[in-house]
$ cat run_9.cif   # mmCIF, C-alpha atoms and all ligand atoms
data_query
#
loop_
_atom_site.label_atom_id
_atom_site.label_comp_id
_atom_site.auth_asym_id
_atom_site.auth_seq_id
_atom_site.Cartn_x
_atom_site.Cartn_y
_atom_site.Cartn_z
CA MET A 1 54.77 -35.63 33.61
CA LYS A 2 57.51 -36.65 31.21
CA ILE A 3 55.77 -38.47 28.35
CA GLU A 4 57.56 -39.99 25.37
CA PRO A 5 55.80 -40.96 22.13
CA ILE A 6 55.04 -44.60 21.35
CA LYS A 7 56.43 -45.20 17.87
CA ILE A 8 53.44 -46.97 16.31
CA PHE A 9 51.13 -44.05 17.25
CA GLN A 10 53.35 -41.70 15.30
CA GLN A 11 53.13 -43.87 12.22
CA LYS A 12 49.47 -44.83 12.01
CA ARG A 13 46.03 -43.67 13.00
CA PRO A 14 43.97 -45.33 14.31
CA VAL A 15 46.24 -47.95 15.89
CA ILE A 16 44.33 -51.26 16.06
CA VAL A 17 44.84 -53.76 18.87
CA SER A 18 43.06 -57.09 18.54
CA GLY A 19 43.13 -60.71 19.67
CA PRO A 20 41.14 -62.89 22.04
CA CYS A 21 39.69 -61.82 25.37
CA SER A 22 41.55 -64.82 26.80
CA ALA A 23 44.25 -67.14 25.52
CA GLU A 24 42.47 -70.50 25.91
CA THR A 25 44.49 -73.05 23.95
CA GLU A 26 47.60 -72.82 21.80
CA GLU A 27 45.56 -73.52 18.68
CA GLN A 28 42.88 -70.88 19.45
CA THR A 29 45.47 -68.23 20.37
CA LEU A 30 47.71 -68.79 17.37
CA GLU A 31 44.91 -69.20 14.84
CA THR A 32 43.14 -66.04 16.08
CA CYS A 33 46.38 -64.05 15.93
CA ARG A 34 47.26 -65.39 12.46
CA ARG A 35 43.85 -64.48 11.01
CA VAL A 36 43.79 -61.11 12.77
CA ALA A 37 47.21 -60.35 11.29
CA ALA A 38 46.03 -61.51 7.86
CA THR A 39 43.54 -58.61 7.73
CA GLY A 40 46.57 -56.37 7.37
CA LYS A 41 44.80 -53.80 9.53
CA VAL A 42 45.95 -54.81 13.00
CA ASP A 43 49.05 -53.30 14.60
CA ILE A 44 49.22 -54.98 18.01
CA LEU A 45 48.01 -58.42 19.17
CA ARG A 46 46.30 -58.88 22.52
CA ALA A 47 45.28 -61.75 24.81
CA GLY A 48 44.31 -62.05 28.46
CA ILE A 49 46.57 -64.55 30.24
CA TRP A 50 45.47 -63.81 33.80
CA LYS A 51 41.78 -62.89 33.91
CA PRO A 52 40.39 -60.87 36.81
CA ARG A 53 36.83 -62.20 36.69
CA THR A 54 33.97 -60.73 38.66
CA ARG A 55 32.67 -64.15 39.78
CA PRO A 56 34.98 -66.93 41.06
CA ASN A 57 33.46 -69.75 39.05
CA SER A 58 34.43 -68.27 35.68
CA PHE A 59 37.58 -69.06 33.67
CA GLU A 60 40.41 -67.15 35.34
CA GLY A 61 43.00 -67.39 32.60
CA ILE A 62 45.45 -69.99 31.39
CA GLY A 63 48.43 -68.43 33.19
CA SER A 64 52.07 -68.17 32.12
CA GLU A 65 51.69 -71.06 29.66
CA GLY A 66 49.75 -68.67 27.41
CA LEU A 67 52.73 -66.31 27.22
CA LYS A 68 54.57 -68.93 25.16
CA TRP A 69 51.70 -68.99 22.66
CA MET A 70 51.69 -65.20 22.40
CA ARG A 71 55.41 -65.22 21.87
CA LYS A 72 54.92 -67.70 19.02
CA ALA A 73 52.19 -65.46 17.57
CA LYS A 74 54.66 -62.58 17.66
CA GLU A 75 57.32 -64.60 15.88
CA GLU A 76 54.91 -65.83 13.21
CA THR A 77 53.14 -62.54 12.46
CA GLY A 78 55.89 -60.07 13.23
CA LEU A 79 53.38 -58.04 15.26
CA PRO A 80 54.01 -56.74 18.79
CA ILE A 81 52.04 -58.45 21.57
CA SER A 82 50.19 -57.12 24.61
CA VAL A 83 48.82 -58.74 27.77
CA GLU A 84 47.07 -57.57 30.94
CA VAL A 85 49.08 -57.46 34.16
CA ALA A 86 47.66 -57.10 37.65
CA ASN A 87 50.58 -57.75 40.00
CA PHE A 88 54.38 -57.87 40.38
CA ASN A 89 54.67 -61.46 39.20
CA HIS A 90 52.61 -60.85 36.03
CA VAL A 91 54.96 -58.00 35.09
CA PHE A 92 58.00 -60.15 35.72
CA GLU A 93 56.64 -63.06 33.66
CA ALA A 94 55.39 -60.86 30.80
CA LEU A 95 58.67 -58.98 30.42
CA LYS A 96 60.58 -62.26 30.55
CA ALA A 97 58.39 -63.51 27.67
CA ASP A 98 59.23 -60.45 25.57
CA VAL A 99 55.75 -58.95 25.72
CA ASP A 100 55.87 -55.52 24.04
CA ILE A 101 52.98 -53.75 25.71
CA LEU A 102 51.41 -54.31 29.12
CA TRP A 103 47.98 -53.10 30.01
CA ILE A 104 46.36 -52.53 33.38
CA GLY A 105 42.73 -53.67 33.56
CA ALA A 106 39.78 -51.74 34.90
CA ARG A 107 39.59 -53.85 38.05
CA THR A 108 43.24 -53.07 38.83
CA THR A 109 43.25 -49.33 38.06
CA VAL A 110 40.79 -48.90 40.96
CA ASN A 111 43.36 -50.18 43.44
CA PRO A 112 46.31 -47.86 44.17
CA PHE A 113 48.18 -50.65 46.05
CA SER A 114 48.10 -52.89 42.97
CA VAL A 115 49.01 -50.06 40.63
CA GLN A 116 51.94 -49.11 42.87
CA GLU A 117 53.10 -52.73 42.96
CA ILE A 118 53.06 -52.81 39.14
CA ALA A 119 54.85 -49.47 38.96
CA ASN A 120 57.57 -50.77 41.31
CA ALA A 121 58.01 -53.86 39.17
CA LEU A 122 58.48 -51.66 36.11
CA GLU A 123 61.13 -49.41 37.58
CA GLY A 124 64.26 -49.38 35.41
CA THR A 125 62.55 -51.03 32.42
CA ASP A 126 61.61 -49.42 29.12
CA ALA A 127 58.05 -50.75 29.17
CA THR A 128 55.06 -49.38 27.30
CA VAL A 129 51.90 -49.47 29.43
CA PHE A 130 48.26 -48.84 28.60
CA VAL A 131 46.00 -47.97 31.53
CA LYS A 132 42.32 -48.79 31.29
CA ASN A 133 39.83 -46.52 33.02
CA PRO A 134 38.79 -47.70 36.49
CA ILE A 135 35.47 -49.57 36.76
CA ASN A 136 33.90 -46.55 38.51
CA ALA A 137 33.67 -43.07 37.03
CA ASP A 138 36.59 -41.59 38.98
CA LEU A 139 39.08 -39.66 36.89
CA GLU A 140 41.41 -39.17 39.85
CA LEU A 141 42.03 -42.93 40.09
CA TRP A 142 42.76 -43.09 36.36
CA THR A 143 45.05 -40.06 36.66
CA GLY A 144 46.68 -41.46 39.80
CA ALA A 145 47.56 -44.70 38.02
CA LEU A 146 49.26 -42.78 35.20
CA GLU A 147 51.15 -40.71 37.77
CA ARG A 148 52.33 -43.74 39.75
CA LEU A 149 53.68 -45.38 36.59
CA ASN A 150 55.28 -42.17 35.41
CA ARG A 151 56.97 -41.63 38.77
CA ALA A 152 58.48 -45.10 38.39
CA GLY A 153 59.98 -43.94 35.09
CA VAL A 154 57.36 -45.30 32.66
CA THR A 155 57.16 -42.60 29.99
CA LYS A 156 55.46 -44.53 27.18
CA LEU A 157 51.89 -44.50 28.35
CA GLY A 158 48.49 -45.00 26.72
CA MET A 159 44.94 -44.79 28.03
CA ILE A 160 42.12 -47.20 27.21
CA HIS A 161 38.52 -46.08 27.56
CA ARG A 162 36.45 -49.23 28.30
CA GLY A 163 33.39 -47.64 29.88
CA PHE A 164 32.11 -47.44 33.46
CA ALA A 165 29.99 -49.88 35.44
CA GLN A 166 26.46 -48.77 36.16
CA HIS A 167 23.51 -50.07 38.07
CA GLY A 168 20.30 -50.82 36.25
CA ASN A 169 19.28 -51.14 32.63
CA SER A 170 21.44 -49.89 29.82
CA ILE A 171 22.11 -50.85 26.22
CA TYR A 172 25.78 -50.95 27.22
CA ARG A 173 27.66 -53.43 29.36
CA ASN A 174 29.64 -50.44 30.61
CA GLU A 175 28.36 -46.89 30.09
CA PRO A 176 30.79 -44.98 27.86
CA LYS A 177 30.36 -41.57 29.58
CA TRP A 178 32.36 -40.08 26.70
CA GLN A 179 32.84 -36.74 28.43
CA LEU A 180 35.08 -38.39 31.06
CA ALA A 181 37.47 -39.80 28.47
CA VAL A 182 37.48 -36.46 26.70
CA GLU A 183 38.44 -34.79 29.97
CA MET A 184 41.38 -37.22 30.26
CA LYS A 185 42.41 -36.37 26.69
CA LEU A 186 42.44 -32.71 27.73
CA ARG A 187 44.41 -33.47 30.90
CA PHE A 188 46.99 -35.56 29.02
CA PRO A 189 47.12 -34.39 25.40
CA ASP A 190 50.39 -36.27 24.78
CA ILE A 191 49.08 -39.66 25.91
CA PRO A 192 47.21 -41.55 23.17
CA MET A 193 43.61 -42.61 23.93
CA LEU A 194 42.30 -45.94 22.71
CA CYS A 195 38.69 -47.02 22.83
CA ASP A 196 37.73 -50.57 23.81
CA PRO A 197 34.27 -50.90 22.25
CA SER A 198 34.13 -54.61 23.19
CA HIS A 199 33.87 -53.98 26.94
CA ILE A 200 31.72 -50.87 26.51
CA ALA A 201 29.22 -52.71 24.30
CA GLY A 202 29.23 -56.20 25.74
CA ASN A 203 27.76 -57.33 22.40
CA ARG A 204 28.88 -57.51 18.78
CA GLU A 205 26.18 -55.26 17.34
CA LEU A 206 27.41 -52.07 18.96
CA LEU A 207 31.12 -52.48 18.15
CA GLN A 208 30.91 -50.59 14.88
CA PRO A 209 29.00 -47.48 16.04
CA ILE A 210 31.07 -47.16 19.23
CA SER A 211 34.32 -47.47 17.25
CA GLN A 212 33.09 -44.82 14.82
CA GLN A 213 32.18 -42.49 17.65
CA ALA A 214 35.64 -42.92 19.19
CA LEU A 215 37.29 -42.03 15.90
CA ASP A 216 34.99 -39.05 15.50
CA MET A 217 36.13 -37.90 18.94
CA ASP A 218 39.71 -38.05 17.69
CA TYR A 219 40.86 -41.15 19.59
CA GLU A 220 44.22 -42.53 18.52
CA GLY A 221 43.33 -46.23 18.57
CA LEU A 222 40.91 -49.10 19.13
CA MET A 223 41.19 -52.33 21.11
CA ILE A 224 38.68 -54.92 19.87
CA GLU A 225 38.41 -58.52 21.06
CA SER A 226 38.42 -61.26 18.42
CA HIS A 227 38.15 -65.04 18.51
CA ILE A 228 38.12 -67.79 15.88
CA ASP A 229 34.92 -69.18 17.41
CA PRO A 230 33.24 -66.44 19.48
CA GLU A 231 30.17 -68.53 20.37
CA ASN A 232 32.39 -71.00 22.20
CA ALA A 233 34.79 -68.51 23.80
CA TRP A 234 35.65 -69.20 27.45
CA SER A 235 35.11 -65.54 28.37
CA ASP A 236 33.17 -62.57 26.96
CA LYS A 237 31.58 -64.58 24.15
CA GLN A 238 28.79 -62.12 23.29
CA GLN A 239 31.20 -59.35 22.43
CA GLN A 240 33.94 -61.16 20.51
CA VAL A 241 34.02 -61.21 16.70
CA THR A 242 35.83 -63.43 14.22
CA PRO A 243 38.91 -61.90 12.60
CA GLU A 244 36.88 -61.64 9.38
CA GLN A 245 34.07 -59.75 11.14
CA LEU A 246 36.73 -57.50 12.63
CA ASP A 247 37.99 -56.81 9.12
CA GLU A 248 34.46 -55.76 8.08
CA ILE A 249 34.01 -53.50 11.10
CA LEU A 250 37.31 -51.78 10.36
CA ASN A 251 36.46 -51.49 6.67
CA GLU A 252 33.26 -49.64 7.44
CA LEU A 253 34.93 -47.02 9.63
CA THR A 254 35.14 -43.51 8.28
CA ILE A 255 38.35 -41.81 9.26
CA ARG A 256 37.81 -38.10 9.75
CA ARG A 257 40.50 -35.51 10.40
CA PRO A 258 40.35 -32.89 13.16
CA GLU A 259 41.14 -30.00 10.77
CA VAL A 260 40.96 -29.56 7.02
CA PRO A 261 42.61 -26.85 4.94
CA ASP A 262 39.29 -25.89 3.30
CA ILE A 263 38.49 -22.17 3.59
CA GLU A 264 34.81 -22.46 2.67
CA LEU A 265 34.21 -25.28 5.13
CA ASN A 266 36.09 -23.49 7.90
CA GLU A 267 34.03 -20.33 7.31
CA LYS A 268 30.81 -22.31 7.53
CA LEU A 269 31.94 -23.99 10.74
CA LYS A 270 32.96 -20.65 12.21
CA HIS A 271 29.53 -19.23 11.46
CA LEU A 272 27.71 -22.20 12.99
CA ARG A 273 29.97 -22.17 16.05
CA ARG A 274 29.19 -18.49 16.59
CA GLN A 275 25.50 -19.40 16.63
CA ILE A 276 26.17 -22.18 19.13
CA ASP A 277 28.06 -19.75 21.38
CA MET A 278 25.11 -17.33 21.32
CA VAL A 279 22.62 -20.06 22.16
CA ASP A 280 24.91 -21.21 25.00
CA ASP A 281 24.98 -17.65 26.39
CA ASP A 282 21.17 -17.51 26.29
CA LEU A 283 20.87 -20.90 27.95
CA LEU A 284 23.18 -19.85 30.78
CA GLU A 285 21.26 -16.65 31.34
CA LEU A 286 17.98 -18.55 31.45
CA LEU A 287 19.42 -21.10 33.86
CA GLY A 288 20.64 -18.27 36.09
CA ASN A 289 17.13 -16.79 36.07
CA ARG A 290 15.63 -20.16 36.87
CA MET A 291 17.87 -20.51 39.91
CA LYS A 292 16.96 -17.02 41.13
CA ILE A 293 13.30 -18.03 41.03
CA ALA A 294 14.19 -21.24 42.88
CA GLU A 295 15.85 -19.13 45.56
CA GLU A 296 12.70 -17.03 45.92
CA ILE A 297 10.70 -20.20 46.32
CA GLY A 298 13.23 -21.20 48.97
CA GLU A 299 12.50 -17.97 50.88
CA VAL A 300 8.76 -18.61 50.75
CA LYS A 301 9.16 -22.24 51.83
CA LYS A 302 11.42 -21.21 54.68
CA GLU A 303 8.90 -18.66 55.88
CA LYS A 304 6.05 -21.16 55.84
CA GLY A 305 8.13 -24.08 57.11
CA VAL A 306 7.69 -26.22 53.99
CA THR A 307 10.18 -28.92 52.88
CA ILE A 308 12.40 -28.28 49.86
CA LEU A 309 11.51 -31.49 48.12
CA GLN A 310 7.94 -31.96 47.02
CA THR A 311 7.74 -35.17 45.02
CA ASN A 312 4.38 -34.45 43.35
CA ARG A 313 5.55 -31.15 41.95
CA TRP A 314 8.76 -32.69 40.69
CA GLU A 315 6.94 -35.57 38.98
CA GLU A 316 4.67 -33.05 37.28
CA ILE A 317 7.71 -31.11 35.96
CA ILE A 318 9.36 -34.29 34.64
CA GLU A 319 6.22 -35.36 32.83
CA LYS A 320 5.58 -32.01 31.17
CA ALA A 321 9.20 -31.31 30.27
CA SER A 322 9.81 -34.80 28.87
CA ALA A 323 6.82 -34.45 26.55
CA LYS A 324 7.98 -31.03 25.39
CA GLY A 325 11.56 -32.26 25.02
CA LYS A 326 10.35 -35.05 22.77
CA LEU A 327 8.69 -32.52 20.47
CA GLN A 328 12.06 -30.74 20.25
CA GLY A 329 13.79 -33.94 19.21
CA LEU A 330 15.52 -34.41 22.58
CA SER A 331 15.98 -38.00 23.72
CA GLU A 332 14.37 -39.25 26.91
CA ARG A 333 17.84 -40.20 28.19
CA PHE A 334 19.03 -36.63 27.78
CA MET A 335 15.85 -35.14 29.32
CA ILE A 336 16.25 -37.24 32.43
CA ARG A 337 19.91 -36.28 32.84
CA TYR A 338 19.12 -32.63 32.13
CA LEU A 339 16.19 -32.46 34.55
CA ASN A 340 18.12 -34.23 37.28
CA ALA A 341 21.01 -31.78 36.94
CA ILE A 342 18.66 -28.79 37.07
CA HIS A 343 16.78 -30.24 40.01
CA GLN A 344 19.97 -30.90 41.97
CA GLU A 345 21.18 -27.33 41.37
CA SER A 346 17.78 -25.88 42.40
CA ILE A 347 17.82 -27.90 45.60
CA ASP A 348 21.36 -26.70 46.34
CA HIS A 349 20.29 -23.08 45.82
CA GLN A 350 17.19 -23.50 48.02
CA ASN A 351 19.24 -25.26 50.66
CA GLU A 352 21.70 -22.42 50.75
CA VAL A 353 18.90 -19.85 51.06
CA MET A 354 17.36 -21.73 53.98
CA ASN A 355 20.63 -22.23 55.85
CA ARG A 356 21.88 -18.74 55.18
CA SER A 357 18.76 -17.12 56.63
CA GLU A 358 18.96 -19.39 59.67
CA LEU A 359 22.50 -18.22 60.40
CA GLU A 360 21.57 -14.59 59.86
CA GLU A 361 18.68 -14.91 62.29
CA GLU A 362 20.91 -16.19 65.11
C1 LIG B 401 39.97 -57.42 28.95
O1 LIG B 401 40.49 -56.56 28.24
O2 LIG B 401 39.76 -58.59 28.59
C2 LIG B 401 39.50 -57.03 30.29
C3 LIG B 401 39.48 -57.85 31.32
O3 LIG B 401 39.03 -55.78 30.29
P1 LIG B 401 38.59 -54.77 31.48
O4 LIG B 401 39.76 -54.64 32.39
O5 LIG B 401 38.30 -53.54 30.70
O6 LIG B 401 37.37 -55.36 32.12
MN MN B 402 37.31 -59.42 27.79
#
$ encode --input "run_9.cif" --output "structure tokens"
Amino acid sequence: MKIEPIKIFQQKRPVIVSGPCSAETEEQTLETCRRVAATGKVDILRAGIWKPRTRPNSFEGIGSEGLKWMRKAKEETGLPISVEVANFNHVFEALKADVDILWIGARTTVNPFSVQEIANALEGTDATVFVKNPINADLELWTGALERLNRAGVTKLGMIHRGFAQHGNSIYRNEPKWQLAVEMKLRFPDIPMLCDPSHIAGNRELLQPISQQALDMDYEGLMIESHIDPENAWSDKQQQVTPEQLDEILNELTIRRPEVPDIELNEKLKHLRRQIDMVDDDLLELLGNRMKIAEEIGEVKKEKGVTILQTNRWEEIIEKASAKGKLQGLSERFMIRYLNAIHQESIDHQNEVMNRSELEEE
């Protein structure tokens, strides 16, 4: 892919994008943008003009009218503006209104037809486009969207990590699944990664720690929703903060660097990393042994005609291992993920043993 740098990302780190979830009224849009700009910490303004809402009875955006307000905000503050686009007409309208950066929302990245339509609309322009991760944890869709845009000649691309929908209880509105965003950073090292803690958290309290984590993982920017009166926002009210609260969140962030020219520190890190590598080797060897035992169990079960899955036994393992994990300072969340991964791999090994012997017997 031919990627060109986006100027602001070469000048500042982290790049901060902020503004309301939705442009609601001229007053609310302009006043939010003015106060956000007054913090002196924000580089790009944002507002949703067309809102892809999950349920039809929610506010679905003010429409093109809001573009005029954003344009005014740009003139007044001197800051570039960004809006979400989801179809050909949005792109046309946004470019006509001198919008500097377009972003593709999570509900659009999932749909290759929509992404292609946007890419076609952008052909021959010099647009900068940020692509949010798709709602579901599918890196190929996220990658595909970047490729479609790039094929249409869009070279100034960014990625926004806004978390992934999940079923059931979670402290997050959208699970961050950090390792997926990190994988995208590895796939596309030249494309800046922004974190959107607002849509990951779904509440104000978690904005700070999620933003800090993103910076600690070497993200290039943050997109945080702000509103002059969050309690009365027409969309996403639990997660929006006032421009002044945004200022505080940004003030509290510690900016760390990926490398430091400190010999003593680097030596210490090298030593600790060597230890980690050795522990990892041991863990892999132990896991290999565990799977060999699982295979032997598979042989025995096959011989006696017993099913692979025995719920009682598995429940017993979970209970014992979770208690032991707790003593080791391992979180319950991790233990469940760890045990499930091990269990799945054991089942796969046993399955293979059973099927293999069946074939051999024929
Ligand atoms: C938004 O940024 O307001 C938005 C709709 O986000 P997402 O596409 O991540 O849900
Ligand atoms: Mn929102």
$ residues_near_ligand --input "run_9.cif" --ligand "ligand LIG 401 (chain B)" --cutoff "6 Å" --atoms "all atoms listed in the file" --output "PyMOL selection string"
chain A and resi 21+48+105-107+162+199
$ residues_near_ligand --input "run_9.cif" --ligand "ligand MN 402 (chain B)" --cutoff "9 Å" --atoms "all atoms listed in the file" --output "PyMOL selection string"
chain A and resi 20-22+47-48+51+198-199+202+225+235-237+239-240
$ closest_residue --input "run_9.cif" --among "A:Asp229, A:Glu175, A:Asp216, A:Asp280" --to "Leu253 of chain A" --atoms "only C-alpha atoms"
A:Asp216
$ atom_distance --input "run_9.cif" --atom1 "atom CA of Lys72 of chain A" --atom2 "atom CA of Val85 of chain A"
19.2 Å
$ atom_distance --input "run_9.cif" --atom1 "atom CA of Cys33 of chain A" --atom2 "atom CA of Ala73 of chain A"
6.2 Å
$ atom_distance --input "run_9.cif" --atom1 "atom CA of His161 of chain A" --atom2 "atom CA of Ala119 of chain A"
20.2 Å
